[in-house]
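Notes follow once the structure below has been shown.
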Amino acid sequence: MNRESIFEQKQAGTLVLAAFLTDTFIQPFGRQTEVLPARTAILAGALQFAVLCVVTVVYLRWCGSEKPGPVRSLLLCGALVLSIALEVIQGERFYNYVMQQQLAALLFLALVFGAAYYGAFAGVQALGRAAWPVLALAAVSVLVLGWSVSGQMQFSHLQTPATNTAALARLAFARFYLPPELLLLPFLCPEGGKGRSAAKITGAVFLTNSLLALLGEMTLGSAYTSESQPVYTIARLGGLSVFRRLDALHVGVWLLLFLIKISLYFAGFIKLWQNLKCCKGHCPYWLALGAVLVTFLAVWNQNEAAAMAIQQSLLVLVLLAAPLNRFLKGRRNAP
């Protein structure tokens, strides 16, 4: 692998990591019913991390360096359209949850779609370059967050709920989420080494989640599990010297991660659709916007759990399509 390919692989990994980290800071309102105690969350998260690593590494090996077939591309395009619609809904709710000045849903939609369209038009490599400084800002945000509440943290606040393997396995299964950005890796970076990148990305997200869970419970105690946006609650409590309210700065960084995630999904849809060679020019961009807008209107204030189930089902089919395609190709090439 030459230096240019290694650089592209690092850019793709950075972009996927930035997208994957978004849910760490902006807690999805509809994906899970409650925030778990730190001990339970870390143990259940370790099981999820292990399963997700195995699944994605095997998937990436099956994909190899071949271009995706039409079936896999269409399945992933459908999953990305649903993912964008659901993420925009969550982002709009989070924005209006943390900001005193409410923003009309139509205006929020126009701003997010405009930024995502520009990001997708700039291309995956440009998004990868933009992800580096945003990730650096996110790391600084975590450090400042811990520093700002260091005087309020106490080890005695940590809860010790009873846990057993069966209960942890049930929790890990119930909360298991297959992120679309990991399945986009073979299309963002066709060269090798993607399995190691996926494992590192998943491990970084798991460690960040664990760190923030400990920080939150050490700060809030038993009240931690009753918060719908625990990281934001911690940000509101923290202050440095005369700077008593730093939450707006943290929220700004998290929303940048959110925009990168939406832009990545848009760019992934366009890249996959262009590989199908169904249309040329700006047509895939307008198709992406139209499909997402229709899906957004269909899902808005409706059964989002059903939409999430459909999205996850499409991603599972994408996983299964990779070994099936390899098997059929082997049968055709067999003497």
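If you're wondering about the labels, chains in the structure tokens are A, B, ... by order shown, residues count from 1 in each chain, ligands from 1 in order shown.
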Self-check item: Distance query segment 280-293 of chain A at most 6 Å, only C-alpha atoms, self and fewer than 3 positions along chain excluded, as a PyMOL selection string
Solution: chain A and resi 81+85+270+296
Output for the residues just chosen: N, CA and C atoms as a PDB file, in the first residue's frame:
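Okay, selection_37.pdb is ready:
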```pdb
ATOM      1  N   VAL A  81     -30.716   6.780   3.580  1.00  0.00           N
ATOM      2  CA  VAL A  81     -31.822   7.733   3.512  1.00  0.00           C
ATOM      3  C   VAL A  81     -32.597   7.740   4.826  1.00  0.00           C
ATOM      4  N   ALA A  85     -32.784  10.884   7.716  1.00  0.00           N
ATOM      5  CA  ALA A  85     -34.056  11.401   8.219  1.00  0.00           C
ATOM      6  C   ALA A  85     -34.140  11.296   9.733  1.00  0.00           C
ATOM      7  N   ILE A 270     -24.499   9.388  -2.388  1.00  0.00           N
ATOM      8  CA  ILE A 270     -24.174   9.870  -3.731  1.00  0.00           C
ATOM      9  C   ILE A 270     -23.096   8.998  -4.374  1.00  0.00           C
ATOM     10  N   PHE A 296     -38.199  11.998   5.643  1.00  0.00           N
ATOM     11  CA  PHE A 296     -38.291  12.829   6.846  1.00  0.00           C
ATOM     12  C   PHE A 296     -39.752  13.162   7.152  1.00  0.00           C
TER      13      PHE A 296
END
```
For the interface of segment 248-296 of chain A with segment 233-238 of chain A (cut-off 9 Å, counting only C-alpha atoms), please tabulate each contacting residue of segment 248-296 of chain A alongside its nearest pair of atoms and their separation in Å to one decimal, rows sorted by chain and increasing number, as a Markdown table.
```
| residue | atom | partner | partner_atom | distance |
| --- | --- | --- | --- | --- |
| A:Ala248 | CA | A:Ala235 | CA | 8.6 |
| A:His250 | CA | A:Ala235 | CA | 7.2 |
| A:Val251 | CA | A:Ala235 | CA | 8.8 |
```
Practice problem: Check the smallest atom-to-atom distance from each of A:Ser222, A:Thr208, A:Asn301, A:Thr56 to Pro186 of chain A using only C-alpha atoms, then report the winner. | Solution: A:Thr56
Self-check item: atom CA of Ala126 of chain A to atom CA of Lys261 of chain A, straight-line distance in Å
Solution: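 Between these atoms lies a distance of 13.4 Å.
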Self-check item: Pick from A:Gln11, A:Thr225, A:Gln312, A:Gln90, whichever lies nearest to Gln159 of chain A using only C-alpha atoms
Solution: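 Using only C-alpha atoms, Gln159 of chain A sits closest to A:Thr225.
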Exercise. Can you check which residues of segment 13-248 of chain A DSSP gives as alpha helix (DSSP H) on the backbone and send them as a ChimeraX atom specification?
Key: /A:13-25,38-63,70-98,105-122,124-148,165-174,180-183,185-188,194-220,230-237,247-248
Quiz item: Contacts of segment 92-97 of chain A at 8 Å or less, counting only C-alpha atoms, minus same-chain residues fewer than 6 places along, as a list in words?
Solution: Ile26, Leu103, Ala105, Phe108 and Leu109 of chain A
Residues of the last selection are to be written out with all heavy atoms, as a PDB file, in the first residue's frame.
```pdb
ATOM      1  N   ILE A  26     -24.544  13.608  21.681  1.00  0.00           N
ATOM      2  CA  ILE A  26     -25.963  13.900  21.456  1.00  0.00           C
ATOM      3  C   ILE A  26     -26.724  12.600  21.624  1.00  0.00           C
ATOM      4  O   ILE A  26     -26.826  11.792  20.698  1.00  0.00           O
ATOM      5  CB  ILE A  26     -26.193  14.507  20.056  1.00  0.00           C
ATOM      6  CG1 ILE A  26     -25.365  15.783  19.886  1.00  0.00           C
ATOM      7  CG2 ILE A  26     -27.665  14.806  19.840  1.00  0.00           C
ATOM      8  CD1 ILE A  26     -25.468  16.401  18.510  1.00  0.00           C
ATOM      9  N   LEU A 103     -35.879  27.128  17.330  1.00  0.00           N
ATOM     10  CA  LEU A 103     -35.707  27.302  15.897  1.00  0.00           C
ATOM     11  C   LEU A 103     -36.771  26.484  15.179  1.00  0.00           C
ATOM     12  O   LEU A 103     -36.984  25.311  15.501  1.00  0.00           O
ATOM     13  CB  LEU A 103     -34.308  26.830  15.466  1.00  0.00           C
ATOM     14  CG  LEU A 103     -33.842  27.190  14.060  1.00  0.00           C
ATOM     15  CD1 LEU A 103     -33.711  28.702  13.919  1.00  0.00           C
ATOM     16  CD2 LEU A 103     -32.501  26.514  13.764  1.00  0.00           C
ATOM     17  N   ALA A 105     -38.670  24.116  12.749  1.00  0.00           N
ATOM     18  CA  ALA A 105     -38.188  22.872  12.156  1.00  0.00           C
ATOM     19  C   ALA A 105     -37.806  23.061  10.689  1.00  0.00           C
ATOM     20  O   ALA A 105     -36.804  22.507  10.214  1.00  0.00           O
ATOM     21  CB  ALA A 105     -39.252  21.783  12.287  1.00  0.00           C
ATOM     22  N   PHE A 108     -34.414  24.824  10.548  1.00  0.00           N
ATOM     23  CA  PHE A 108     -33.362  23.881  10.934  1.00  0.00           C
ATOM     24  C   PHE A 108     -33.088  22.906   9.797  1.00  0.00           C
ATOM     25  O   PHE A 108     -31.931  22.602   9.479  1.00  0.00           O
ATOM     26  CB  PHE A 108     -33.775  23.123  12.198  1.00  0.00           C
ATOM     27  CG  PHE A 108     -32.741  22.155  12.700  1.00  0.00           C
ATOM     28  CD1 PHE A 108     -31.744  22.576  13.557  1.00  0.00           C
ATOM     29  CD2 PHE A 108     -32.765  20.822  12.310  1.00  0.00           C
ATOM     30  CE1 PHE A 108     -30.775  21.687  14.021  1.00  0.00           C
ATOM     31  CE2 PHE A 108     -31.808  19.924  12.767  1.00  0.00           C
ATOM     32  CZ  PHE A 108     -30.809  20.367  13.623  1.00  0.00           C
ATOM     33  N   LEU A 109     -34.160  22.407   9.180  1.00  0.00           N
ATOM     34  CA  LEU A 109     -34.031  21.469   8.069  1.00  0.00           C
ATOM     35  C   LEU A 109     -33.265  22.101   6.914  1.00  0.00           C
ATOM     36  O   LEU A 109     -32.372  21.482   6.320  1.00  0.00           O
ATOM     37  CB  LEU A 109     -35.424  21.032   7.612  1.00  0.00           C
ATOM     38  CG  LEU A 109     -35.533  19.784   6.747  1.00  0.00           C
ATOM     39  CD1 LEU A 109     -35.116  18.559   7.532  1.00  0.00           C
ATOM     40  CD2 LEU A 109     -36.954  19.617   6.234  1.00  0.00           C
TER      41      LEU A 109
END
```
Sorted by chain and rising residue number, which residues of segment 249-303 of chain A lie within 9 Å of segment 136-154 of chain A, and what are their closest atom pairs and distances in Å to one decimal, counting only C-alpha atoms, as JSON lines?
```
{"residue": "A:Leu249", "atom": "CA", "partner": "A:Ser141", "partner_atom": "CA", "distance": 8.2}
{"residue": "A:His250", "atom": "CA", "partner": "A:Ser141", "partner_atom": "CA", "distance": 6.0}
{"residue": "A:Val253", "atom": "CA", "partner": "A:Ala138", "partner_atom": "CA", "distance": 6.2}
{"residue": "A:Trp254", "atom": "CA", "partner": "A:Ala138", "partner_atom": "CA", "distance": 7.2}
{"residue": "A:Leu257", "atom": "CA", "partner": "A:Ala138", "partner_atom": "CA", "distance": 8.3}
```
Given the selection you just returned, output its residues as a file containing C-alpha atoms, formatted as a PDB file, in the first residue's frame.
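again.pdb, freshly written:
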```pdb
ATOM      1  CA  LEU A 249     -19.169  26.040  23.399  1.00  0.00           C
ATOM      2  CA  HIS A 250     -19.547  22.287  23.943  1.00  0.00           C
ATOM      3  CA  VAL A 253     -18.554  21.326  18.831  1.00  0.00           C
ATOM      4  CA  TRP A 254     -21.139  18.525  19.091  1.00  0.00           C
ATOM      5  CA  LEU A 257     -19.862  16.439  14.621  1.00  0.00           C
TER       6      LEU A 257
END
```
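In this comparison, which uses only C-alpha atoms, the residue of A:Leu317, A:Phe187, A:Ala169, A:Leu211 approaching Val51 of chain A most closely is A:Ala169.
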Quiz item: Between A:Ala213, A:Leu74, A:Met99, A:Val124, which is the closest to Thr24 of chain A once you count only C-alpha atoms?
Solution: A:Ala213
Quiz item: What gap, in Å, lies between atom CA of Phe266 of chain A and atom CA of Glu304 of chain A?
Solution: 20.1 Å
Exercise. Select, from A:Leu276, A:Leu183, A:Leu319, A:Leu168, the residue with the minimum atom-to-atom distance to Leu47 of chain A, counting only C-alpha atoms.
Key: A:Leu168
Practice problem: Rank A:Cys53, A:Leu315, A:Cys63, A:Val134 by their smallest atom-to-atom distance to Ala18 of chain A, using only C-alpha atoms, and report the top residue only. | Solution: A:Val134
